[in-house]
Each structure stands twice: as structure tokens, then as C-alpha cells.
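start04.cif (mmCIF, C-alpha atoms) appears below.
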```
data_data
#
loop_
_atom_site.label_atom_id
_atom_site.label_comp_id
_atom_site.auth_asym_id
_atom_site.auth_seq_id
_atom_site.Cartn_x
_atom_site.Cartn_y
_atom_site.Cartn_z
CA MET A 1 54.97 114.09 36.45
CA LYS A 2 57.90 116.34 35.54
CA MET A 3 57.15 115.91 31.84
CA MET A 4 53.51 116.87 32.35
CA LEU A 5 54.55 119.99 34.28
CA VAL A 6 56.89 120.98 31.47
CA LEU A 7 54.20 120.46 28.81
CA ASN A 8 51.70 122.46 30.84
CA LEU A 9 54.28 125.24 31.14
CA VAL A 10 54.75 125.15 27.35
CA VAL A 11 51.04 125.52 26.71
CA VAL A 12 50.60 128.35 29.24
CA LEU A 13 53.57 130.25 27.85
CA LEU A 14 52.52 129.87 24.22
CA THR A 15 48.96 130.91 25.06
CA PHE A 16 50.33 134.01 26.78
CA LEU A 17 52.53 134.85 23.80
CA VAL A 18 49.63 134.47 21.37
CA GLU A 19 47.31 136.63 23.46
CA LEU A 20 50.05 139.23 23.75
CA ASN A 21 50.31 139.39 19.96
CA GLY A 22 46.54 139.47 19.46
CA ALA A 23 46.58 136.36 17.28
CA SER A 24 44.62 133.13 17.32
CA GLU A 25 46.18 130.22 19.18
CA PRO A 26 48.75 128.38 17.03
CA ASP A 27 48.11 124.72 16.30
CA ILE A 28 51.45 123.39 17.49
CA GLY A 29 50.44 119.81 18.08
CA ILE A 30 50.91 119.69 21.88
CA ASN A 31 48.22 117.76 23.80
CA LYS A 32 46.91 120.09 26.50
CA THR A 33 45.41 117.43 28.77
CA SER A 34 47.98 114.65 28.84
CA SER A 35 51.71 114.18 28.74
CA GLU A 36 51.10 111.41 26.21
CA ILE A 37 50.13 112.48 22.68
CA ASN A 38 46.92 110.82 21.58
CA VAL A 39 48.06 110.06 18.07
CA ASP A 40 44.82 108.50 16.93
CA ALA A 41 42.67 111.42 18.08
CA ASN A 42 45.08 114.01 16.71
CA PHE A 43 45.35 112.19 13.40
CA GLU A 44 41.55 112.00 13.08
CA LYS A 45 41.33 115.74 13.77
CA PHE A 46 44.07 116.39 11.25
CA LYS A 47 42.22 114.40 8.56
CA GLN A 48 39.02 116.28 9.27
CA ASP A 49 40.65 119.72 9.38
CA TYR A 50 42.47 119.26 6.07
CA GLY A 51 40.04 116.99 4.22
CA LYS A 52 42.52 114.12 4.01
CA GLN A 53 41.44 110.86 2.40
CA TYR A 54 43.61 107.86 1.65
CA ALA A 55 43.29 105.11 -0.94
CA ASN A 56 43.38 102.19 1.47
CA SER A 57 44.16 101.08 5.03
CA PRO A 58 47.89 100.44 4.46
CA GLU A 59 48.35 103.95 3.07
CA GLU A 60 46.45 105.45 5.98
CA ALA A 61 48.60 103.53 8.44
CA GLN A 62 51.71 104.82 6.70
CA ARG A 63 50.44 108.40 6.81
CA ARG A 64 49.52 108.05 10.47
CA ALA A 65 53.07 106.92 11.28
CA ILE A 66 54.58 109.85 9.35
CA PHE A 67 52.14 112.22 11.06
CA ALA A 68 53.16 110.92 14.50
CA ASP A 69 56.83 111.40 13.68
CA ASN A 70 56.23 114.96 12.45
CA VAL A 71 54.17 115.87 15.53
CA GLU A 72 56.92 114.55 17.80
CA TYR A 73 59.46 116.64 15.89
CA VAL A 74 57.26 119.76 16.14
CA ASN A 75 56.71 119.26 19.88
CA ALA A 76 60.44 118.93 20.55
CA HIS A 77 61.11 122.18 18.68
CA ASN A 78 58.27 124.04 20.36
CA LEU A 79 59.51 123.08 23.80
CA GLN A 80 62.74 124.87 22.91
CA TYR A 81 60.71 127.84 21.66
CA ALA A 82 58.74 127.99 24.93
CA LEU A 83 62.00 127.98 26.86
CA GLY A 84 63.20 130.97 24.84
CA LYS A 85 65.80 129.06 22.85
CA MET A 86 64.10 129.43 19.46
CA SER A 87 62.70 132.50 17.70
CA TYR A 88 59.87 130.70 15.90
CA TYR A 89 57.42 127.87 16.50
CA MET A 90 56.17 125.11 14.26
CA GLY A 91 52.80 123.42 13.91
CA VAL A 92 50.60 120.84 12.29
CA ASN A 93 49.60 121.87 8.77
CA GLN A 94 48.43 120.34 5.50
CA TYR A 95 51.85 118.73 4.99
CA SER A 96 52.11 116.92 8.34
CA ASP A 97 51.38 113.48 6.84
CA MET A 98 54.28 113.74 4.39
CA THR A 99 58.00 113.08 4.74
CA PHE A 100 60.23 116.01 3.91
CA LYS A 101 61.59 114.25 0.84
CA GLU A 102 58.21 113.57 -0.76
CA TRP A 103 56.92 116.99 0.23
CA ALA A 104 59.93 118.71 -1.33
CA SER A 105 59.43 116.78 -4.58
CA LEU A 106 55.89 118.17 -4.91
CA TYR A 107 55.91 121.64 -3.36
CA THR A 108 59.36 123.06 -4.03
CA SER A 109 61.27 123.70 -7.23
CA GLN A 110 63.26 120.86 -8.74
CA ILE A 111 65.50 123.52 -10.28
CA VAL A 112 67.67 124.44 -7.31
CA ASP A 113 69.89 126.97 -9.08
CA ASP A 114 68.65 130.38 -8.00
CA VAL A 115 70.48 132.38 -10.66
CA SER A 116 69.69 132.18 -14.37
CA ASN A 117 71.42 133.72 -17.36
CA GLY A 118 68.41 135.72 -18.48
CA ASN A 119 68.78 139.20 -19.93
CA ALA A 120 68.23 141.62 -17.04
CA SER A 121 69.75 144.95 -16.03
CA THR A 122 70.98 145.77 -12.53
CA PHE A 123 69.03 147.85 -10.03
CA LEU A 124 70.88 150.80 -8.54
CA THR A 125 69.56 152.44 -5.39
CA PRO A 126 68.72 156.13 -5.95
CA GLU A 127 71.49 158.25 -4.44
CA THR A 128 69.16 160.38 -2.33
CA PHE A 129 66.98 157.51 -1.11
CA LYS A 130 66.97 156.57 2.56
CA ALA A 131 65.19 153.34 3.43
CA PRO A 132 62.69 153.56 6.30
CA GLY A 133 62.89 151.19 9.25
CA TYR A 134 59.62 149.44 8.42
CA VAL A 135 57.90 148.55 5.14
CA ASP A 136 54.74 146.54 4.47
CA TRP A 137 53.43 146.86 0.90
CA ARG A 138 50.23 145.03 1.82
CA ARG A 139 49.13 148.18 3.60
CA LYS A 140 49.61 150.19 0.41
CA GLY A 141 47.52 147.89 -1.82
CA TYR A 142 50.42 146.31 -3.74
CA VAL A 143 49.79 142.69 -2.75
CA THR A 144 47.03 140.25 -3.77
CA SER A 145 45.62 137.66 -1.37
CA VAL A 146 47.67 134.56 -0.55
CA LYS A 147 47.47 131.92 -3.30
CA ASN A 148 48.02 128.17 -3.28
CA GLN A 149 50.28 126.46 -5.82
CA GLY A 150 49.04 122.98 -4.85
CA ALA A 151 51.11 119.86 -5.49
CA CYS A 152 53.07 121.53 -8.27
CA GLY A 153 56.57 123.01 -8.20
CA SER A 154 55.37 126.26 -9.74
CA CYS A 155 56.52 128.57 -6.95
CA TRP A 156 58.64 130.46 -9.49
CA ALA A 157 55.45 131.47 -11.36
CA PHE A 158 53.78 132.74 -8.17
CA SER A 159 56.88 134.70 -7.22
CA ALA A 160 56.95 136.28 -10.69
CA THR A 161 53.25 137.21 -10.78
CA GLY A 162 53.48 138.69 -7.29
CA ALA A 163 56.25 141.04 -8.38
CA ILE A 164 54.39 141.96 -11.61
CA GLU A 165 51.16 142.56 -9.69
CA GLY A 166 52.96 144.98 -7.39
CA GLN A 167 54.62 146.95 -10.19
CA HIS A 168 51.41 147.05 -12.20
CA PHE A 169 49.65 148.52 -9.16
CA ARG A 170 52.45 151.01 -8.68
CA LYS A 171 51.98 152.30 -12.21
CA THR A 172 48.20 152.09 -12.63
CA GLY A 173 46.73 152.02 -9.13
CA LYS A 174 44.88 148.80 -10.05
CA LEU A 175 45.60 145.55 -8.24
CA ILE A 176 44.90 142.59 -10.53
CA SER A 177 45.56 138.94 -9.69
CA LEU A 178 47.59 137.60 -12.61
CA SER A 179 47.81 134.14 -14.18
CA GLU A 180 50.44 131.72 -12.92
CA GLN A 181 48.95 129.09 -15.19
CA GLN A 182 49.93 131.10 -18.26
CA LEU A 183 53.54 131.04 -17.09
CA VAL A 184 53.37 127.29 -16.38
CA ASP A 185 51.87 126.58 -19.81
CA CYS A 186 53.68 129.05 -22.01
CA SER A 187 57.23 129.81 -20.81
CA ARG A 188 58.95 126.46 -21.33
CA SER A 189 61.07 127.83 -24.16
CA TYR A 190 62.61 130.17 -21.56
CA GLY A 191 63.98 127.24 -19.56
CA ASN A 192 61.04 126.80 -17.20
CA LYS A 193 59.65 123.34 -16.57
CA GLY A 194 56.11 123.91 -15.35
CA CYS A 195 55.48 121.92 -12.17
CA GLY A 196 59.11 120.75 -12.31
CA GLY A 197 60.47 124.17 -11.39
CA GLY A 198 61.59 127.31 -13.14
CA PHE A 199 63.15 130.76 -12.94
CA LYS A 200 61.22 133.81 -11.80
CA ASP A 201 63.28 136.21 -13.94
CA ARG A 202 62.86 134.10 -17.09
CA ALA A 203 59.12 134.03 -16.44
CA MET A 204 59.18 137.82 -16.43
CA LEU A 205 61.21 137.92 -19.63
CA TYR A 206 58.60 135.67 -21.23
CA VAL A 207 55.85 138.12 -20.19
CA ARG A 208 57.83 140.98 -21.72
CA ASP A 209 58.37 139.16 -25.01
CA ALA A 210 54.88 137.66 -25.24
CA GLY A 211 53.23 141.06 -24.92
CA GLY A 212 51.71 140.62 -21.48
CA ILE A 213 50.02 138.30 -19.02
CA GLU A 214 46.34 137.53 -18.56
CA SER A 215 44.42 137.82 -15.30
CA GLU A 216 43.88 134.90 -12.97
CA LYS A 217 40.18 135.09 -13.75
CA ALA A 218 40.70 134.83 -17.51
CA TYR A 219 43.39 132.12 -17.33
CA PRO A 220 42.79 130.24 -14.04
CA TYR A 221 45.24 128.04 -12.21
CA TYR A 222 44.86 124.26 -12.04
CA ALA A 223 48.26 123.10 -10.72
CA SER A 224 49.38 121.16 -13.78
CA ARG A 225 50.36 121.70 -17.39
CA SER A 226 47.80 120.80 -20.02
CA ARG A 227 49.12 118.44 -22.68
CA VAL A 228 46.14 119.11 -24.93
CA PHE A 229 46.30 122.91 -24.85
CA PRO A 230 49.84 123.69 -23.71
CA CYS A 231 49.43 127.47 -24.08
CA ARG A 232 46.27 129.43 -24.68
CA PHE A 233 47.49 132.98 -24.07
CA THR A 234 45.77 135.62 -26.19
CA LYS A 235 47.62 138.91 -26.43
CA TYR A 236 44.52 141.09 -26.56
CA MET A 237 43.47 139.57 -23.22
CA ALA A 238 46.64 140.75 -21.45
CA ALA A 239 45.82 142.41 -18.11
CA ALA A 240 49.36 143.65 -17.47
CA LYS A 241 52.56 144.23 -19.43
CA ILE A 242 56.20 144.75 -18.51
CA ASN A 243 59.14 146.15 -20.47
CA GLY A 244 62.10 144.63 -18.65
CA VAL A 245 63.60 142.93 -15.60
CA LYS A 246 65.89 144.36 -12.93
CA ARG A 247 68.27 142.28 -10.87
CA VAL A 248 69.22 143.36 -7.36
CA HIS A 249 72.75 142.92 -6.02
CA SER A 250 73.15 139.84 -3.83
CA SER A 251 73.16 141.51 -0.44
CA GLU A 252 70.55 142.10 2.23
CA SER A 253 71.29 145.82 2.15
CA SER A 254 70.56 146.00 -1.58
CA LEU A 255 67.41 143.92 -1.14
CA MET A 256 66.21 146.23 1.63
CA HIS A 257 66.67 149.29 -0.60
CA ALA A 258 64.91 147.58 -3.50
CA VAL A 259 61.94 146.53 -1.36
CA ALA A 260 61.68 149.97 0.23
CA SER A 261 61.96 151.99 -2.99
CA GLN A 262 60.31 149.74 -5.59
CA GLY A 263 57.75 147.46 -3.98
CA PRO A 264 57.46 143.66 -3.62
CA ILE A 265 60.55 141.82 -4.90
CA ALA A 266 60.71 138.23 -6.19
CA VAL A 267 63.31 136.22 -4.25
CA SER A 268 64.61 132.66 -4.16
CA ILE A 269 65.29 130.75 -0.94
CA ARG A 270 66.30 127.30 0.25
CA VAL A 271 63.89 125.41 2.49
CA ASN A 272 64.31 122.63 5.06
CA ARG A 273 62.09 120.49 7.30
CA ASN A 274 61.60 123.29 9.80
CA PHE A 275 60.45 125.69 7.09
CA LYS A 276 57.88 123.10 5.99
CA SER A 277 56.24 123.16 9.45
CA TYR A 278 56.71 126.87 10.25
CA ALA A 279 53.72 128.36 12.09
CA GLY A 280 54.86 131.70 13.49
CA GLY A 281 57.64 133.90 14.85
CA ILE A 282 60.86 135.00 13.16
CA PHE A 283 62.41 132.13 11.20
CA ASP A 284 66.07 132.24 12.18
CA ASP A 285 67.53 128.93 11.03
CA SER A 286 71.04 128.90 9.67
CA SER A 287 70.81 125.29 8.47
CA CYS A 288 68.45 126.12 5.61
CA ILE A 289 71.16 127.98 3.73
CA ASN A 290 72.62 124.64 2.62
CA ALA A 291 69.30 122.91 1.96
CA ARG A 292 68.91 121.36 -1.50
CA ALA A 293 65.20 122.18 -1.94
CA GLY A 294 64.68 125.48 -3.78
CA HIS A 295 61.68 127.76 -3.48
CA ALA A 296 60.65 131.15 -4.89
CA VAL A 297 58.63 133.62 -2.84
CA LEU A 298 57.85 137.34 -2.62
CA ALA A 299 59.47 139.82 -0.22
CA VAL A 300 56.71 142.35 0.53
CA GLY A 301 58.35 144.24 3.38
CA TYR A 302 60.60 144.14 6.41
CA GLY A 303 60.69 145.24 10.04
CA SER A 304 62.82 145.37 13.16
CA TYR A 305 60.61 144.23 16.06
CA PRO A 306 60.92 141.97 18.01
CA GLY A 307 63.94 141.33 15.81
CA GLU A 308 64.98 142.25 12.28
CA TYR A 309 62.97 140.31 9.71
CA TRP A 310 61.84 140.06 6.10
CA LEU A 311 58.10 139.87 5.52
CA VAL A 312 57.62 137.15 2.90
CA LYS A 313 54.51 136.05 1.03
CA ASN A 314 54.41 132.32 0.30
CA SER A 315 52.20 130.36 -2.12
CA TRP A 316 51.07 127.47 0.07
CA GLY A 317 47.68 128.91 1.00
CA PRO A 318 46.58 131.00 4.01
CA ARG A 319 46.61 128.06 6.45
CA TRP A 320 50.39 127.78 6.31
CA GLY A 321 52.57 129.97 8.53
CA GLU A 322 51.22 133.34 9.58
CA GLN A 323 48.14 133.42 7.37
CA GLY A 324 50.29 132.41 4.40
CA TYR A 325 53.28 134.61 5.31
CA ILE A 326 56.57 134.06 7.06
CA ARG A 327 58.86 136.46 8.86
CA MET A 328 62.43 135.47 8.04
CA ALA A 329 65.43 136.71 10.01
CA ARG A 330 67.14 139.71 8.42
CA ASN A 331 70.83 140.60 8.65
CA LYS A 332 71.63 137.19 10.15
CA GLY A 333 73.97 135.90 7.46
CA ASN A 334 71.49 135.82 4.57
CA VAL A 335 69.14 133.22 6.08
CA CYS A 336 68.04 130.63 3.49
CA ARG A 337 69.93 132.67 0.83
CA ILE A 338 67.05 135.12 0.59
CA ALA A 339 69.25 137.86 -0.90
CA ARG A 340 70.94 135.57 -3.42
CA SER A 341 68.97 136.53 -6.55
CA PRO A 342 66.24 139.17 -6.08
CA VAL A 343 64.50 140.46 -9.22
CA PHE A 344 61.56 142.66 -10.15
CA PRO A 345 59.95 143.76 -13.44
CA THR A 346 59.91 147.25 -14.91
CA VAL A 347 56.65 148.52 -16.38
#
```

Step by step, read the file and then write its structure as C-alpha cells.
Amino acid sequence: MKMMLVLNLVVVLLTFLVELNGASEPDIGINKTSSEINVDANFEKFKQDYGKQYANSPEEAQRRAIFADNVEYVNAHNLQYALGKMSYYMGVNQYSDMTFKEWASLYTSQIVDDVSNGNASTFLTPETFKAPGYVDWRRKGYVTSVKNQGACGSCWAFSATGAIEGQHFRKTGKLISLSEQQLVDCSRSYGNKGCGGGFKDRAMLYVRDAGGIESEKAYPYYASRSRVFPCRFTKYMAAAKINGVKRVHSSESSLMHAVASQGPIAVSIRVNRNFKSYAGGIFDDSSCINARAGHAVLAVGYGSYPGEYWLVKNSWGPRWGEQGYIRMARNKGNVCRIARSPVFPTV
């Protein structure tokens, strides 16, 4: 009886918080009618919601067991969130039938070093510039819609195109979705490994040297590297060009000034199991700083309410996190190493 009262309290509190923020109710995996989780019913709903199909009954049984374990983990965390002990909540998403290890092997970068030796100059904050307290480049037209890298460790390519898209808009006033597939196919000589990981700054250097990057429409993404046609970039089809790469000093203060004065900035982070299941709130998790799984994303802004945060665009589709975004704690000891190696292109 006590457990049921606690779970009911969790649901009521989370519903109140969601209504207060004007958002749709988060799918956090808590059963609203029983203190016992109906794994079968929830798993069937999960399969339907995310179009999951499995090869055979043994595989489905395995996925069901993993799903149950993940839901239990999410519920335990969200109880702490409802009690005010956590700043973010987690939920069921497209990855809830996967272990962290297998998920990380497919959706994060296998190259965990977040600093390369590419040729880039250093960004210096303008002497007279004063960063505002709030920035969101989506509101200014700098950011394309949330994309989905699929089961391919090409996050570095999405981080790079996001930064190029923003700078191209800044110069031309035209927002064009650019081709991650071109980077996956064509930049291997720069140390990138396609779906096996890569470096966002080296991807930009490739674009500079190649003479540009095509649009997403002209060179669409298919989450793998073609062995038949490894690179089909045509220079006259380039939709955007860059002339260099700027590195930002490894501090949150420098990153804030870069984001505020330049636009969206490509950043590298480390991700853990909690990041995988993030659904909303400000992600303040000190344990991710030592995680082995690397990931590249795009810092598109920052804010200070209800706590200081970075506004980060991910590449796992709009059904992950806050419509494809995450708010990560800012000025809390460089959470997930977000300020370790920021870069952006010059155009």
C-alpha cells in the first residue's frame, strides 16, 4: 500500500510539473494504475510505438528482459526526481530494449578522444563583447530540424554539419540542411572512420579542402558507408563552403562567449546510461565525465532558469529527450566534458 501511494504521488507530481511547463506528459515508464509494472503490456506498447520487430521468439524474450530492466532503472531514477533529488527525469525511448554496451557500440563514437591534431586557429572573444544571459539560436533561424543518425556512429558528422549550417546562415541568411553522408563517405583520409566514429574539426577541414559540402537533399543520408561508391561529392554541387576552423579554449566561459557571439558550436561530450534514457529537465550528472562512450553534438544556446544550462541539439531524432534536445548543466564542473573541445567553421 505504501509503495502504491508513493507511485501515485510520483505520477501526480510529474503531471503537475509537465502542466506547469506547458509540455506534453513525459513517457517515464511508471504504471499509473498499479504498483506492479505490467511488463508485457508495456513491452507491447513499446514495440508498437517504435515499430520494433524481432527475428525470432528467443530474441524477443531477450529484448523484453532488457526492456524490463531498463524500465525498472528509469522508475527508480524518476522517483528520486519526483522527490526533488534529481534535476532531470528519464523515460522509455527507442533504445529501451538495448543494453548500454550494445547501444553505445552503435549510437556513439568509437573514437573517444575528443581532441584531434587538425589545423585550426584559436577563437578569441572580442574585447568589447558582453555575453547575454540567454541565447537560443533556433529563434534566430540558425538551426535546422533535429536529424537522426540511426545505428551509425556518425555523430561527429552531424555535429560538424550543424555548425556549418549555422555559420552559412549567418553569412548568407539561408538555412540549408547539409549532407552528413558526404562526410561519412569522403573524409576518411582525414582520420574519420564513417560509422566507427570521427572528429568534427577534421570533418570541417575536409569541407574546406574539398571545396564545399552538398545539401542533404542532393546527397542524402543512409546511415552507412557505401563500398561501391565510397564518395560521390561533386564540387559544383556544393551548397556551402568554409575557409577555416576555429577552436575554442577548453572552458565553459570561453564556450559561452563563442556560442553567444558566433552561433551554434560543435562540441564533444561523454555519455552514460542516464544520458541514453534522458527525457527532460537539466542533465546534471557528474558521473558522465568519466564515461568511455564519446559523442558529438551541437551547442545552440544556453540559459539560467530554473538552473544554468547548455541547450544542446542531438542527432537521435525528435523522439529522444526534449524533442531531440537536451539541457545540460552549465558551470557545474564541465558536465560530460562539454567544454573540452568546442570548434566552429569560418566562412

Residue members of the PyMOL selection byres ((chain A and resi 202) around 10) in the file shown, as a ChimeraX atom specification: /A:116-120,156-157,160,183,187-192,198-201,203-208,245

Spatial neighbours of Val300 of chain A, max dist 7 Å, all atoms listed in the file, sep filter under 2 positions, as a PDB file with C-alpha atoms, keeping the file's coordinate frame:
```pdb
ATOM      1  CA  ASP A 136      54.740 146.540   4.470  1.00  0.00           C
ATOM      2  CA  TRP A 137      53.430 146.860   0.900  1.00  0.00           C
ATOM      3  CA  VAL A 259      61.940 146.530  -1.360  1.00  0.00           C
ATOM      4  CA  GLY A 263      57.750 147.460  -3.980  1.00  0.00           C
ATOM      5  CA  PRO A 264      57.460 143.660  -3.620  1.00  0.00           C
ATOM      6  CA  ILE A 265      60.550 141.820  -4.900  1.00  0.00           C
ATOM      7  CA  LEU A 298      57.850 137.340  -2.620  1.00  0.00           C
ATOM      8  CA  LEU A 311      58.100 139.870   5.520  1.00  0.00           C
ATOM      9  CA  VAL A 312      57.620 137.150   2.900  1.00  0.00           C
ATOM     10  CA  LYS A 313      54.510 136.050   1.030  1.00  0.00           C
TER      11      LYS A 313
END
```

Atom CA of Ala76 of chain A to atom CA of Tyr88 of chain A measures 12.7 Å

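Straight-line separation from atom CA of Val143 of chain A to atom CA of Arg319 of chain A: 17.6 Å.
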
Please compute the atom CA of Val343 of chain A-atom CA of Pro126 of chain A distance, one decimal, in Å.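 We find that atom CA of Val343 of chain A and atom CA of Pro126 of chain A lie 16.6 Å from each other.
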
Evaluate the PyMOL selection byres ((chain A and resi 292-294) around 12) on the structure here and hand back the selected residues as an NGL selection string. :A and (100-115 or 153-156 or 196-199 or 267-273 or 275-276 or 287-291 or 295-297 or 336-338 or 340)

Measuring atom to atom with only C-alpha atoms, identify which of A:Cys195, A:Ala151, A:Met328, A:Ala223 is nearest to Gln94 of chain A.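 Once distances to Gln94 of chain A are computed over only C-alpha atoms, the minimum belongs to A:Ala151.
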
Can you tell me, as AutoDock Vina command-line options, the centre and edge lengths (Å, one decimal) of the axis-aligned box enclosing all of segment 250-254 of chain A's listed atoms after padding each side by 6 Å?
```
--center_x 71.9 --center_y 142.9 --center_z -0.8 --size_x 14.6 --size_y 18.2 --size_z 18.1
```

If we count only C-alpha atoms and set the cut-off at 12 Å, which residues sit around Val39 of chain A, ignoring sequence neighbours fewer than 6 positions away in its own chain? Please answer as a ChimeraX atom specification. /A:29-31,45-47,61,63-72

Reconstructed segment 66-84 of chain A, atom set N, CA and C atoms, as a CSV table (one decimal), in the coordinates of the input:
```
chain,number,residue,atom,x,y,z
A,66,ILE,N,53.8,108.6,9.7
A,66,ILE,CA,54.6,109.8,9.4
A,66,ILE,C,54.1,111.0,10.1
A,67,PHE,N,52.7,111.1,10.3
A,67,PHE,CA,52.1,112.2,11.1
A,67,PHE,C,52.7,112.2,12.5
A,68,ALA,N,52.7,111.0,13.1
A,68,ALA,CA,53.2,110.9,14.5
A,68,ALA,C,54.6,111.4,14.6
A,69,ASP,N,55.4,111.0,13.7
A,69,ASP,CA,56.8,111.4,13.7
A,69,ASP,C,57.0,112.9,13.5
A,70,ASN,N,56.2,113.5,12.6
A,70,ASN,CA,56.2,115.0,12.4
A,70,ASN,C,55.7,115.7,13.7
A,71,VAL,N,54.7,115.2,14.3
A,71,VAL,CA,54.2,115.9,15.5
A,71,VAL,C,55.2,115.8,16.6
A,72,GLU,N,55.9,114.7,16.8
A,72,GLU,CA,56.9,114.6,17.8
A,72,GLU,C,58.0,115.5,17.5
A,73,TYR,N,58.4,115.7,16.3
A,73,TYR,CA,59.5,116.6,15.9
A,73,TYR,C,59.0,118.1,16.2
A,74,VAL,N,57.8,118.4,15.9
A,74,VAL,CA,57.3,119.8,16.1
A,74,VAL,C,57.2,120.0,17.6
A,75,ASN,N,56.8,119.1,18.4
A,75,ASN,CA,56.7,119.3,19.9
A,75,ASN,C,58.1,119.5,20.5
A,76,ALA,N,59.1,118.8,20.0
A,76,ALA,CA,60.4,118.9,20.6
A,76,ALA,C,61.0,120.3,20.3
A,77,HIS,N,60.7,120.8,19.0
A,77,HIS,CA,61.1,122.2,18.7
A,77,HIS,C,60.4,123.2,19.5
A,78,ASN,N,59.1,123.0,19.7
A,78,ASN,CA,58.3,124.0,20.4
A,78,ASN,C,58.6,124.1,21.9
A,79,LEU,N,59.0,123.0,22.4
A,79,LEU,CA,59.5,123.1,23.8
A,79,LEU,C,60.7,124.0,23.9
A,80,GLN,N,61.6,124.0,22.9
A,80,GLN,CA,62.7,124.9,22.9
A,80,GLN,C,62.3,126.3,22.7
A,81,TYR,N,61.3,126.5,21.9
A,81,TYR,CA,60.7,127.8,21.7
A,81,TYR,C,60.1,128.4,23.0
A,82,ALA,N,59.4,127.6,23.7
A,82,ALA,CA,58.7,128.0,24.9
A,82,ALA,C,59.8,128.3,26.0
A,83,LEU,N,60.9,127.7,25.9
A,83,LEU,CA,62.0,128.0,26.9
A,83,LEU,C,62.9,129.2,26.4
A,84,GLY,N,62.5,129.8,25.3
A,84,GLY,CA,63.2,131.0,24.8
A,84,GLY,C,64.4,130.7,24.0
```
